[in-house]
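Asker: Sharing a structure below in structure tokens format, with a few things to ask.
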Amino acid sequence: MSDKRITDSGIEINSLYNTPIPMEELSGQFPFTRGIQSDMYRGRHWTMRQYAGFSTAEESNKRYKYLLANGTMGLSVAFDLPTQIGYDSTHAMSEGEVGKVGVAIDTLRDIEILFDGIELEKITTSMTINATASTLLAMYIALAKKQGADIQKISGTIQNDILKEYAARGTYIYPPKPSMRIITDIFEYCSKEVPKWNTISISGYHIREAGSTAVQEIAFTLSNAKAYAKAAIEKGLDINVFGQRLSFFFNAHNNFFEEIAKFRAARRMWAKMAKELGATNPKAQMLRFHTQTGGSTLQAQQSDTNIVRVTLQALAAVMGGTQSLHTNGFDEALSLPTENAARIALRTQQIIAYESGVVDTVDPMGGSFFVEELTNQIESEAWKYIEKIDAMGGAVSAIEEGFMQKEIADASYRYQKEIENNQKVIVGVNKFTAEEEVTPPLFRVDDSIRKIQTEKIAQVKAERNEKNVQQLLAKLEQNANDGSNLMPTIIESVEAYATLGEVADVLRKTFGEYRA
Amino acid sequence: MNRPIRVLVAKVGLDGHDRGAKVIATALRDAGMEVIYTGLRQTPEMVVQAALQEDVDVIGVSILSGAHNTVFPRIIELLKKEGLNDVLVTGGGIIPNEDMVELTKLGVGKLFAPGAHTNEISDYIKNWVAQNRQF
């Protein structure tokens, strides 16, 4: 092993840090390096929010009830790819994909089944949905109203971060400009009608999964955040209002201290950035974030050892001050998590929260020579990227020019080569390998789901008022053309049981489709 | 060999996870092959058409969405229909072992799991072409 120790972000680590770096900040105060609340987990733990969803709404509903019965504190819905890309289950592109990576949602009927027996006013729900976020939020609002909930009180999060879809995750539909318009329409609508809703979760998670470094993860995410904030300000929205509903989503990988420092740096950077954009209310300067442990760090080989990786990553997220956390199942390099793997993942969080003692004081690494220095270094490296992106005209231009995509691809190739050259050790993959592999029981979604969904759509269509639906879709097209806020008509359309695909098709017609 | 090995690296279906596809494309290029990467959201029809037009030796499909049991058989079927009998269909992603076995029976080549070494993949392709190329 060489004498040099370098993190994935290229930061060289010294053998000893002995220069004190003043850390006189208090938690809960600008620029929030030490945490957004003064008492952090002494007040209450982070929200243990396990991402789940598969097959039909009926099956996913059972998993949510299981998770709630076992102490999960908020729901997090995974949608299948057709739902994410605006295709009904019946569409030709949906073949083989229905219910696979998440639950299939075609109409409000599916959402009614998905949350059957769950009161939306009493829980918070996070939905990983981007290009079709407006439609899924509309369905959630429609159901809340049906349940008799006060929509001023319901809370949750839609991911709604389209820029990282172009840069890293791939579930875009429309070109960037109309996509940004849909997003700011949602900001505007929610600030009045659903004020507790987190209207966006600006995500570094997928940028990291696609292969970026920790520094790139926060740099690109904050650049994207700046683009959304600027677009909203241009629309005439007040950053002190919409800024309070911006949330973030980061990854937690294996390099323990670099991850902790990354979270601290991100908080400080966003506080400065938001202030510069005009936010004066501290709540609009606070970076609130969800963390998920690193899916791409999970190994197919000796998969039970992933439990340890997840523990380390989750610990870094907690010591970095996360507001909510998803821990991965150990079998996810092989399939969606089995119920057993999902249970162990949740228990991991509970052990950290209730047994480890790391929650007893705020920002336990604050003042560490090493972590303060690393926080500063990550911040300064990330600002360099942000300045470069600013010089390109901001995140939208940087993505259109392929800058982020290339940086991510280069970093991911470098990483792969380091593993293959044994410069980087992955236990069970390039060191301490085992001859015999025991495959754990796998979770499967069978291919009959598409047929079930097809029948459900047919039934809904037979029962709905067709004329009303067509009128609403025509009104939506008009809204899309004349620039008025799309949300009210999308809500009316889904309430009349228009399908997700029908709504997306109206917007496709007006906005066109993005081609990478 | 009278020309470099030509490989079509494809993302089929709605899956947007293209980290692996891009790494493999770069690694195969570094191993001296000519690589065409399709980009996202291809249908089996588009992939087979591209394979035909680009006259490739190999189609490498990356799939992490669970749609492999739909996508691979369809590609094999279309290749047969086009009379492309000398094209290797290989790939990788999140594919359970027993599915790999079943797909192999249908005529799909070796499928690689996460953690596979890129040299292992390029060696497999080189060997296959050396043994099967008909010109």
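Naming scheme: A, B, ... for chains in displayed order of the structure tokens; residues 1 onward per chain; ligands 1 onward as shown.
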Tell me as number ranges by chain which residues belonging to chain A come within 8 Å of chain B, counting only C-alpha atoms.

Answerer: A: 81-82, 85, 93-97, 100-101, 168-171, 210-211, 299-301, 333-335, 409, 412-413, 416, 420, 429, 442, 516

Asker: I'd like the neighbourhood of region 26-31 of chain A as a PyMOL selection string, where a residue qualifies if any of its atoms comes within 6 Å (using only C-alpha atoms), though same-chain residues fewer than 4 positions away should be ignored.

Answerer: chain A and resi 35-38+268+271

Asker: Residues of the last selection are to be written out with all heavy atoms, as a PDB file, in the first residue's frame.

Answerer:
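Below is the file that was written, result-v5.pdb:
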ATOM      1  N   GLY A  35     -25.477  21.686  12.438  1.00  0.00           N
ATOM      2  CA  GLY A  35     -26.822  21.085  12.464  1.00  0.00           C
ATOM      3  C   GLY A  35     -27.874  22.162  12.389  1.00  0.00           C
ATOM      4  O   GLY A  35     -27.628  23.309  12.768  1.00  0.00           O
ATOM      5  N   ILE A  36     -29.052  21.802  11.899  1.00  0.00           N
ATOM      6  CA  ILE A  36     -30.075  22.837  11.696  1.00  0.00           C
ATOM      7  C   ILE A  36     -30.879  23.133  12.952  1.00  0.00           C
ATOM      8  O   ILE A  36     -31.494  24.176  13.065  1.00  0.00           O
ATOM      9  CB  ILE A  36     -31.016  22.517  10.517  1.00  0.00           C
ATOM     10  CG1 ILE A  36     -31.756  21.196  10.737  1.00  0.00           C
ATOM     11  CG2 ILE A  36     -30.264  22.540   9.193  1.00  0.00           C
ATOM     12  CD1 ILE A  36     -32.961  21.032   9.830  1.00  0.00           C
ATOM     13  N   GLN A  37     -30.919  22.196  13.882  1.00  0.00           N
ATOM     14  CA  GLN A  37     -31.607  22.493  15.143  1.00  0.00           C
ATOM     15  C   GLN A  37     -30.581  22.624  16.254  1.00  0.00           C
ATOM     16  O   GLN A  37     -29.513  21.996  16.193  1.00  0.00           O
ATOM     17  CB  GLN A  37     -32.593  21.373  15.532  1.00  0.00           C
ATOM     18  CG  GLN A  37     -33.766  21.202  14.590  1.00  0.00           C
ATOM     19  CD  GLN A  37     -33.716  19.865  13.874  1.00  0.00           C
ATOM     20  OE1 GLN A  37     -32.873  19.015  14.154  1.00  0.00           O
ATOM     21  NE2 GLN A  37     -34.610  19.693  12.913  1.00  0.00           N
ATOM     22  N   SER A  38     -30.902  23.385  17.273  1.00  0.00           N
ATOM     23  CA  SER A  38     -29.930  23.546  18.358  1.00  0.00           C
ATOM     24  C   SER A  38     -29.772  22.249  19.149  1.00  0.00           C
ATOM     25  O   SER A  38     -28.684  21.925  19.604  1.00  0.00           O
ATOM     26  CB  SER A  38     -30.349  24.695  19.279  1.00  0.00           C
ATOM     27  OG  SER A  38     -31.627  24.416  19.813  1.00  0.00           O
ATOM     28  N   ARG A 268     -23.354  24.191   5.331  1.00  0.00           N
ATOM     29  CA  ARG A 268     -22.749  25.525   5.400  1.00  0.00           C
ATOM     30  C   ARG A 268     -22.832  26.230   4.043  1.00  0.00           C
ATOM     31  O   ARG A 268     -23.133  27.423   3.952  1.00  0.00           O
ATOM     32  CB  ARG A 268     -21.283  25.371   5.819  1.00  0.00           C
ATOM     33  CG  ARG A 268     -20.573  26.666   6.078  1.00  0.00           C
ATOM     34  CD  ARG A 268     -19.073  26.443   6.140  1.00  0.00           C
ATOM     35  NE  ARG A 268     -18.696  25.706   7.347  1.00  0.00           N
ATOM     36  CZ  ARG A 268     -17.468  25.182   7.547  1.00  0.00           C
ATOM     37  NH1 ARG A 268     -16.526  25.304   6.624  1.00  0.00           N
ATOM     38  NH2 ARG A 268     -17.195  24.535   8.644  1.00  0.00           N
ATOM     39  N   ALA A 271     -26.417  27.417   3.172  1.00  0.00           N
ATOM     40  CA  ALA A 271     -26.780  28.591   3.967  1.00  0.00           C
ATOM     41  C   ALA A 271     -26.217  29.860   3.317  1.00  0.00           C
ATOM     42  O   ALA A 271     -26.923  30.864   3.152  1.00  0.00           O
ATOM     43  CB  ALA A 271     -26.266  28.442   5.397  1.00  0.00           C
TER      44      ALA A 271
END

Asker: Tell me which protein, DNA and RNA residues are within 7 Å of region 76-91 of chain B, counting only C-alpha atoms, leaving out same-chain ones fewer than 3 positions away, and put them as JSON, numbers by chain.

Answerer: {"B": [48, 57, 58, 59, 60, 61, 62, 72, 73, 108, 109, 110, 111, 112, 133]}

Asker: So that I have them on file, write out the residues from the current selection with C-alpha atoms, as a PDB file, in the first residue's frame.

Answerer:
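Result written to out_23.pdb:
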ATOM      1  CA  VAL B  48     -31.430  -5.280 -33.370  1.00  0.00           C
ATOM      2  CA  ASP B  57     -20.074  -8.866 -33.478  1.00  0.00           C
ATOM      3  CA  VAL B  58     -21.544  -8.436 -30.041  1.00  0.00           C
ATOM      4  CA  ILE B  59     -24.570  -6.901 -28.333  1.00  0.00           C
ATOM      5  CA  GLY B  60     -24.021  -6.127 -24.655  1.00  0.00           C
ATOM      6  CA  VAL B  61     -27.185  -5.294 -22.742  1.00  0.00           C
ATOM      7  CA  SER B  62     -27.077  -3.649 -19.333  1.00  0.00           C
ATOM      8  CA  PHE B  72     -33.254 -10.802 -23.732  1.00  0.00           C
ATOM      9  CA  PRO B  73     -35.654 -13.367 -25.268  1.00  0.00           C
ATOM     10  CA  VAL B 108     -28.011 -15.684 -24.532  1.00  0.00           C
ATOM     11  CA  GLY B 109     -24.277 -15.725 -23.804  1.00  0.00           C
ATOM     12  CA  LYS B 110     -22.650 -15.228 -20.428  1.00  0.00           C
ATOM     13  CA  LEU B 111     -24.302 -12.643 -18.182  1.00  0.00           C
ATOM     14  CA  PHE B 112     -22.173 -10.812 -15.650  1.00  0.00           C
ATOM     15  CA  ARG B 133     -16.428 -15.173 -36.309  1.00  0.00           C
TER      16      ARG B 133
END

Asker: Return as a ChimeraX atom specification the full set of residues in region 145-369 of chain A whose backbone-based DSSP assignment is strand (DSSP E).

Answerer: /A:155-158,200-203,246-252,289-293,324-326

Asker: Please produce an output containing C-alpha atoms for each residue in the selection, written as a tab-separated table (two decimals), in the first residue's frame.

Answerer:
chain	number	residue	atom	x	y	z
A	155	SER	CA	-47.00	16.87	4.73
A	156	GLY	CA	-44.50	14.92	2.75
A	157	THR	CA	-42.01	15.29	-0.05
A	158	ILE	CA	-41.94	14.83	-3.80
A	200	ILE	CA	-38.59	19.30	-4.08
A	201	SER	CA	-35.87	17.04	-2.82
A	202	ILE	CA	-32.75	18.22	-4.60
A	203	SER	CA	-30.80	15.06	-4.97
A	246	LEU	CA	-36.75	23.01	-0.39
A	247	SER	CA	-35.22	19.80	0.87
A	248	PHE	CA	-32.16	17.81	-0.12
A	249	PHE	CA	-31.22	14.18	-0.54
A	250	PHE	CA	-27.71	12.82	-0.19
A	251	ASN	CA	-25.89	9.53	-0.35
A	252	ALA	CA	-23.74	7.94	2.34
A	289	PHE	CA	-31.77	16.52	4.04
A	290	HIS	CA	-32.67	12.89	3.69
A	291	THR	CA	-29.93	10.32	3.39
A	292	GLN	CA	-29.89	6.89	1.83
A	293	THR	CA	-27.00	4.50	2.21
A	324	SER	CA	-34.29	11.33	7.75
A	325	LEU	CA	-32.64	8.12	6.70
A	326	HIS	CA	-33.17	5.05	4.56

Asker: Show which residues sit within 7 Å of Tyr172 (chain A), as number ranges by chain. Count only C-alpha atoms, and ignore same-chain residues fewer than 2 positions away.

Answerer: A: 85, 131, 162, 165-166, 170, 174

Asker: Can you tell me which residues surround Thr499 (chain A) at a distance of at most 10 Å, considering only C-alpha atoms, apart from same-chain residues fewer than 6 positions away, and format the answer as a PyMOL selection string?

Answerer: chain A and resi 86-88+105-109+135+457+460-461+469+493+505

Asker: Please identify all polymer residues within 9 Å of Ser9 (chain A), counting only C-alpha atoms, omitting same-chain residues fewer than 4 positions from it, and present them as a list in words.

Answerer: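 Residues meeting the cut-off are Ser212, Thr213, Ala214, Val215, Gln216, Glu258, Ile378 and Ala411 of chain A.
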
Asker: Can those selected residues be exported to a file as a short mmCIF file (atom, residue, chain, number, x, y, z; two decimals), in the first residue's frame so that it contains N, CA and C atoms?

Answerer:
data_model
loop_
_atom_site.label_atom_id
_atom_site.label_comp_id
_atom_site.auth_asym_id
_atom_site.auth_seq_id
_atom_site.Cartn_x
_atom_site.Cartn_y
_atom_site.Cartn_z
N SER A 212 -20.18 9.69 -9.21
CA SER A 212 -19.47 10.91 -8.85
C SER A 212 -18.69 10.71 -7.54
N THR A 213 -17.84 11.68 -7.25
CA THR A 213 -17.16 11.72 -5.95
C THR A 213 -18.07 12.45 -4.96
N ALA A 214 -17.65 12.45 -3.70
CA ALA A 214 -18.42 13.16 -2.66
C ALA A 214 -18.46 14.66 -2.95
N VAL A 215 -17.33 15.19 -3.40
CA VAL A 215 -17.27 16.63 -3.70
C VAL A 215 -18.20 16.98 -4.86
N GLN A 216 -18.16 16.16 -5.91
CA GLN A 216 -19.06 16.41 -7.06
C GLN A 216 -20.52 16.28 -6.63
N GLU A 258 -15.03 11.36 5.43
CA GLU A 258 -15.31 12.22 4.27
C GLU A 258 -16.83 12.45 4.15
N ILE A 378 -13.47 20.04 1.59
CA ILE A 378 -14.58 19.64 0.71
C ILE A 378 -15.34 20.88 0.25
N ALA A 411 -15.26 9.97 -13.28
CA ALA A 411 -14.99 9.58 -11.90
C ALA A 411 -15.36 8.11 -11.69
#

Asker: Pull the alpha helix (DSSP H) assignments for region 7-87 of chain B out of DSSP run on the backbone, and list those residues as a VMD selection string.

Answerer: chain B and resid 19 to 30 44 to 54 68 to 81
